[in-house]
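Okay, target-v4.json is below, JSON, C-alpha atoms:
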```json
[["chain", "number", "residue", "atom", "x", "y", "z"],
["H", 16, "MET", "CA", 174.81, -61.20, 160.32],
["H", 17, "ALA", "CA", 173.57, -62.63, 163.63],
["H", 18, "LEU", "CA", 173.69, -66.19, 162.33],
["H", 19, "ILE", "CA", 177.34, -65.77, 161.29],
["H", 20, "ASP", "CA", 178.19, -64.36, 164.72],
["H", 21, "MET", "CA", 176.45, -67.30, 166.42],
["H", 22, "LEU", "CA", 178.13, -69.92, 164.25],
["H", 23, "THR", "CA", 181.61, -68.49, 164.68],
["H", 24, "ASN", "CA", 181.00, -67.70, 168.37],
["H", 25, "ARG", "CA", 182.65, -64.32, 168.01],
["H", 26, "ARG", "CA", 183.24, -62.38, 171.18],
["H", 27, "ASN", "CA", 181.72, -58.94, 171.15],
["H", 28, "THR", "CA", 183.13, -55.85, 172.82],
["H", 29, "VAL", "CA", 180.37, -53.78, 174.37],
["H", 30, "TRP", "CA", 180.66, -50.08, 175.24],
["H", 31, "CYS", "CA", 178.31, -48.50, 177.81],
["H", 32, "LEU", "CA", 177.12, -44.99, 178.59],
["H", 33, "ARG", "CA", 174.70, -43.79, 181.26],
["H", 34, "MET", "CA", 172.66, -40.67, 180.53],
["H", 35, "ARG", "CA", 169.43, -38.89, 181.32],
["H", 36, "CYS", "CA", 167.18, -36.14, 180.05],
["H", 37, "ARG", "CA", 165.57, -34.07, 182.75],
["H", 38, "SER", "CA", 161.99, -32.89, 182.51],
["H", 39, "GLY", "CA", 161.69, -29.19, 181.82],
["H", 40, "GLY", "CA", 164.15, -29.00, 178.92],
["H", 41, "SER", "CA", 167.42, -28.84, 180.85],
["H", 42, "GLY", "CA", 169.07, -31.02, 178.22],
["H", 43, "LEU", "CA", 170.94, -34.30, 178.21],
["H", 44, "GLU", "CA", 173.24, -35.16, 181.11],
["H", 45, "LEU", "CA", 175.93, -37.80, 180.63],
["H", 46, "HIS", "CA", 177.07, -40.31, 183.26],
["H", 47, "GLN", "CA", 173.74, -40.02, 185.11],
["H", 48, "ASP", "CA", 171.15, -42.72, 185.72],
["H", 49, "GLY", "CA", 168.12, -42.72, 183.44],
["H", 50, "VAL", "CA", 169.02, -44.68, 180.30],
["H", 51, "LEU", "CA", 171.81, -47.17, 179.80],
["H", 52, "ALA", "CA", 173.14, -47.14, 176.23],
["H", 53, "LEU", "CA", 175.10, -50.18, 175.08],
["H", 54, "ALA", "CA", 176.77, -50.58, 171.70],
["H", 55, "ALA", "CA", 178.52, -53.47, 169.98],
["H", 56, "ILE", "CA", 180.11, -53.68, 166.56],
["H", 57, "HIS", "CA", 179.35, -56.96, 164.81],
["H", 58, "GLY", "CA", 182.25, -59.23, 163.91],
["H", 59, "SER", "CA", 182.60, -57.86, 160.38],
["H", 60, "GLY", "CA", 182.81, -54.28, 161.66],
["H", 61, "ALA", "CA", 180.26, -53.12, 159.10],
["H", 62, "ILE", "CA", 177.19, -53.18, 161.35],
["H", 63, "ALA", "CA", 176.57, -52.09, 164.93],
["H", 64, "THR", "CA", 173.75, -52.65, 167.39],
["H", 65, "LEU", "CA", 172.76, -49.89, 169.80],
["H", 66, "LEU", "CA", 170.61, -51.03, 172.74],
["H", 67, "LEU", "CA", 169.00, -48.30, 174.83],
["H", 68, "ALA", "CA", 167.67, -49.68, 178.12],
["H", 69, "ASP", "CA", 165.37, -47.71, 180.38],
["H", 70, "MET", "CA", 166.99, -47.93, 183.82],
["H", 71, "SER", "CA", 163.60, -48.11, 185.50],
["H", 72, "LEU", "CA", 163.86, -51.82, 184.59],
["H", 73, "TRP", "CA", 166.20, -51.91, 187.57],
["H", 74, "ASN", "CA", 164.30, -49.20, 189.50],
["H", 75, "GLY", "CA", 167.16, -46.81, 188.76],
["H", 76, "ARG", "CA", 165.43, -43.80, 187.25],
["H", 77, "GLU", "CA", 165.12, -40.68, 189.33],
["H", 78, "PRO", "CA", 161.82, -38.80, 189.50],
["H", 79, "GLY", "CA", 161.83, -36.03, 186.92],
["H", 80, "THR", "CA", 163.91, -37.97, 184.39],
["H", 81, "LEU", "CA", 162.26, -38.34, 180.99],
["H", 82, "SER", "CA", 161.69, -41.94, 180.01],
["H", 83, "LEU", "CA", 163.55, -43.50, 177.15],
["H", 84, "THR", "CA", 160.52, -43.44, 174.86],
["H", 85, "ALA", "CA", 159.79, -39.77, 175.60],
["H", 86, "ALA", "CA", 163.32, -38.64, 174.62],
["H", 87, "ILE", "CA", 164.44, -41.41, 172.23],
["H", 88, "ASP", "CA", 165.77, -38.98, 169.60],
["H", 89, "GLU", "CA", 168.12, -37.27, 172.06],
["H", 90, "TYR", "CA", 169.31, -40.55, 173.55],
["H", 91, "VAL", "CA", 170.02, -42.07, 170.12],
["H", 92, "LYS", "CA", 172.01, -39.03, 168.93],
["H", 93, "ALA", "CA", 174.15, -38.88, 172.07],
["H", 94, "ALA", "CA", 174.78, -42.63, 172.24],
["H", 95, "TYR", "CA", 175.63, -42.89, 168.54],
["H", 96, "GLN", "CA", 178.10, -39.99, 168.69],
["H", 97, "ARG", "CA", 179.90, -41.26, 171.79],
["H", 98, "LEU", "CA", 179.81, -45.03, 171.30],
["H", 99, "ILE", "CA", 179.64, -45.83, 167.58],
["H", 100, "ALA", "CA", 180.57, -42.89, 165.30],
["H", 101, "THR", "CA", 184.15, -42.87, 166.60],
["H", 102, "ARG", "CA", 184.49, -46.49, 165.48],
["H", 103, "GLY", "CA", 183.67, -45.68, 161.85],
["H", 104, "VAL", "CA", 180.22, -47.23, 161.51],
["H", 105, "PRO", "CA", 177.79, -44.88, 159.71],
["H", 106, "MET", "CA", 174.39, -44.26, 161.26],
["H", 107, "ASP", "CA", 172.57, -46.08, 158.45],
["H", 108, "ARG", "CA", 174.43, -49.29, 159.45],
["H", 109, "VAL", "CA", 173.29, -49.16, 163.09],
["H", 110, "ARG", "CA", 170.47, -51.34, 164.37],
["H", 111, "ILE", "CA", 168.77, -49.31, 167.13],
["H", 112, "VAL", "CA", 166.75, -51.15, 169.77],
["H", 113, "GLU", "CA", 164.77, -49.72, 172.67],
["H", 114, "TRP", "CA", 164.31, -51.86, 175.80],
["H", 115, "ASP", "CA", 161.53, -49.88, 177.43],
["H", 116, "ALA", "CA", 160.35, -49.60, 181.02],
["H", 117, "CYS", "CA", 157.78, -52.37, 180.44],
["H", 118, "GLY", "CA", 160.50, -54.78, 179.31],
["H", 119, "ASN", "CA", 159.52, -54.63, 175.63],
["H", 120, "PHE", "CA", 162.00, -54.51, 172.75],
["H", 121, "ASP", "CA", 161.36, -52.28, 169.70],
["H", 122, "PHE", "CA", 163.49, -51.59, 166.63],
["H", 123, "PHE", "CA", 163.92, -47.93, 165.72],
["H", 124, "ALA", "CA", 164.54, -46.79, 162.15],
["H", 125, "THR", "CA", 167.19, -44.20, 161.34],
["H", 126, "THR", "CA", 164.65, -42.48, 159.10],
["H", 127, "THR", "CA", 162.18, -40.08, 160.62],
["H", 128, "VAL", "CA", 158.48, -39.51, 160.09],
["H", 129, "GLY", "CA", 157.25, -36.09, 161.10],
["H", 130, "GLY", "CA", 160.64, -35.37, 162.65],
["H", 131, "TYR", "CA", 160.62, -38.41, 164.95],
["H", 132, "LEU", "CA", 162.31, -41.80, 164.74],
["H", 133, "THR", "CA", 159.93, -44.54, 163.66],
["H", 134, "HIS", "CA", 159.72, -47.85, 165.48],
["H", 135, "VAL", "CA", 158.29, -51.33, 165.16],
["H", 136, "PRO", "CA", 158.00, -54.16, 167.68],
["H", 137, "VAL", "CA", 160.70, -56.83, 167.61],
["H", 138, "PHE", "CA", 159.21, -60.08, 166.38],
["H", 139, "GLY", "CA", 161.18, -63.31, 166.71],
["H", 140, "LEU", "CA", 162.54, -65.13, 163.70],
["H", 141, "SER", "CA", 160.49, -68.13, 164.78],
["H", 142, "ARG", "CA", 156.87, -68.21, 165.83],
["H", 143, "VAL", "CA", 157.89, -69.59, 169.20],
["H", 144, "SER", "CA", 159.18, -66.25, 170.56],
["H", 145, "MET", "CA", 156.73, -63.79, 172.03],
["H", 146, "PRO", "CA", 156.78, -60.46, 170.15],
["H", 147, "ARG", "CA", 158.85, -57.73, 171.85],
["H", 148, "SER", "CA", 160.48, -60.30, 174.17],
["H", 149, "ARG", "CA", 164.08, -60.93, 175.14],
["H", 150, "GLU", "CA", 163.99, -64.13, 173.06],
["H", 151, "ALA", "CA", 162.73, -62.24, 170.00],
["H", 152, "PHE", "CA", 165.55, -59.70, 170.42],
["H", 153, "ILE", "CA", 168.21, -62.42, 170.64],
["H", 154, "SER", "CA", 166.74, -64.25, 167.64],
["H", 155, "TRP", "CA", 167.53, -61.15, 165.54],
["H", 156, "THR", "CA", 170.81, -60.14, 167.11],
["H", 157, "GLY", "CA", 172.40, -63.49, 168.04],
["H", 158, "ALA", "CA", 175.63, -63.45, 170.03],
["H", 159, "THR", "CA", 175.83, -59.66, 169.79],
["H", 160, "GLY", "CA", 172.42, -59.25, 171.43],
["H", 161, "ALA", "CA", 173.25, -61.78, 174.13],
["H", 162, "ALA", "CA", 176.48, -59.87, 174.87],
["H", 163, "LEU", "CA", 174.56, -56.58, 175.08],
["H", 164, "LEU", "CA", 172.03, -58.02, 177.54],
["H", 165, "ALA", "CA", 174.75, -59.65, 179.65],
["H", 166, "SER", "CA", 176.67, -56.36, 179.76],
["H", 167, "ALA", "CA", 173.54, -54.44, 180.79],
["H", 168, "GLU", "CA", 172.92, -56.86, 183.64],
["H", 169, "ARG", "CA", 176.55, -56.70, 184.75],
["H", 170, "GLU", "CA", 176.52, -52.91, 184.62],
["H", 171, "MET", "CA", 173.26, -52.75, 186.61],
["H", 172, "GLY", "CA", 174.23, -55.48, 189.11],
["H", 173, "GLY", "CA", 171.61, -58.07, 188.18],
["H", 174, "PRO", "CA", 168.78, -59.06, 185.88],
["H", 175, "ALA", "CA", 166.13, -56.56, 184.86],
["H", 176, "MET", "CA", 162.88, -56.68, 186.81],
["H", 177, "LEU", "CA", 159.68, -55.24, 185.54],
["H", 178, "ALA", "CA", 158.47, -52.41, 187.72],
["H", 179, "ALA", "CA", 154.89, -52.54, 188.93],
["H", 180, "HIS", "CA", 152.78, -50.33, 186.63]]
```
Write-out of the structure in structure tokens:
Amino acid sequence: MALIDMLTNRRNTVWCLRMRCRSGGSGLELHQDGVLALAAIHGSGAIATLLLADMSLWNGREPGTLSLTAAIDEYVKAAYQRLIATRGVPMDRVRIVEWDACGNFDFFATTTVGGYLTHVPVFGLSRVSMPRSREAFISWTGATGAALLASAEREMGGPAMLAAH
């Protein structure tokens, strides 16, 4: 699908949602800084990409907020329901990608193992891209992925910077 989007240069509409999970089990809070969820429906309308970016990439996560990786299941459910389900794309047709606090990209499966979403690193379609990199992500997602990243950077006011760990 990404190759078709790139060749036809389709414009992608991206929807955003800010949310956070607080430590201590207080539940998910919408419209709060912690994780930025971005969704785009591919040109055919049959597939969507959901990108979940840890806002600490922009130093925007408050102390006490659970990281994206720690609460991925909750973030995926909330983002899917609010950004994609209303547009008629079933969950099994959604490509879920985590952009974690270290700047790495991982694909998440909609199936669970032991009650948790499974994930694998994003490897580029060519051997030139570093695994889990921005280039590897775009090689899989094409114009849709580029639109998601551009929207994230617009929403956050600039490019992501890796926090010192």
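Counting from CA of Ser71 (chain H), the distance to CA of Lys92 (chain H) is 20.7 Å.
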Go through H:Trp114, H:Tyr90, H:Phe138, H:Trp73 one by one, measure the shortest atom-to-atom distance of each to Leu164 (chain H) using only C-alpha atoms, and give the residue with the smallest value.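 Of H:Trp114, H:Tyr90, H:Phe138, H:Trp73, the one nearest Leu164 (chain H), counting only C-alpha atoms, is H:Trp114.
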Pick out the residues sitting within 9 Å of Val137 (chain H), and hand them over as a PyMOL selection string; count all atoms listed in the file, and ignore anything fewer than 6 positions along from it in its own chain. chain H and resi 112+119-122+146-148+151-152+155
Of H:Arg110, H:His46, H:His57, H:His134, the one sitting nearest Val29 (chain H) when using all atoms listed in the file is H:His57
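Between CA of Ser141 (chain H) and CA of Glu170 (chain H) the separation is 29.7 Å.
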Would you mind exporting region 147-166 of chain H with N, CA and C atoms, as a compact mmCIF listing (two decimals), in the first residue's frame?
```
# COMPACT_ATOMS: atom_id res chain seq x y z
N ARG H 147 14.69 0.14 13.27
CA ARG H 147 13.98 0.96 14.25
C ARG H 147 14.13 2.46 14.01
N SER H 148 14.64 2.86 12.86
CA SER H 148 14.89 4.27 12.57
C SER H 148 13.71 4.92 11.86
N ARG H 149 13.78 6.23 11.78
CA ARG H 149 12.79 7.02 11.05
C ARG H 149 12.74 6.57 9.58
N GLU H 150 13.90 6.34 8.99
CA GLU H 150 13.98 5.91 7.59
C GLU H 150 13.34 4.54 7.40
N ALA H 151 13.54 3.64 8.35
CA ALA H 151 12.92 2.31 8.27
C ALA H 151 11.40 2.44 8.34
N PHE H 152 10.91 3.29 9.24
CA PHE H 152 9.47 3.53 9.36
C PHE H 152 8.89 4.06 8.05
N ILE H 153 9.53 5.04 7.46
CA ILE H 153 9.02 5.62 6.21
C ILE H 153 9.11 4.63 5.06
N SER H 154 10.12 3.74 5.08
CA SER H 154 10.22 2.76 4.00
C SER H 154 9.00 1.83 3.99
N TRP H 155 8.40 1.58 5.16
CA TRP H 155 7.21 0.73 5.25
C TRP H 155 5.92 1.49 5.03
N THR H 156 5.89 2.74 5.44
CA THR H 156 4.63 3.48 5.45
C THR H 156 4.51 4.52 4.35
N GLY H 157 5.60 4.84 3.66
CA GLY H 157 5.57 5.76 2.53
C GLY H 157 5.05 7.14 2.88
N ALA H 158 4.23 7.69 1.99
CA ALA H 158 3.70 9.04 2.15
C ALA H 158 2.86 9.17 3.42
N THR H 159 2.17 8.10 3.78
CA THR H 159 1.36 8.14 5.01
C THR H 159 2.25 8.33 6.22
N GLY H 160 3.34 7.58 6.31
CA GLY H 160 4.27 7.72 7.42
C GLY H 160 4.92 9.09 7.46
N ALA H 161 5.31 9.60 6.30
CA ALA H 161 5.90 10.94 6.25
C ALA H 161 4.90 11.99 6.74
N ALA H 162 3.63 11.83 6.36
CA ALA H 162 2.59 12.77 6.82
C ALA H 162 2.39 12.67 8.33
N LEU H 163 2.44 11.46 8.88
CA LEU H 163 2.30 11.29 10.32
C LEU H 163 3.44 11.97 11.07
N LEU H 164 4.67 11.78 10.61
CA LEU H 164 5.82 12.40 11.26
C LEU H 164 5.78 13.92 11.15
N ALA H 165 5.41 14.42 9.97
CA ALA H 165 5.31 15.87 9.79
C ALA H 165 4.23 16.45 10.70
N SER H 166 3.12 15.76 10.84
CA SER H 166 2.04 16.22 11.72
C SER H 166 2.48 16.22 13.18
```
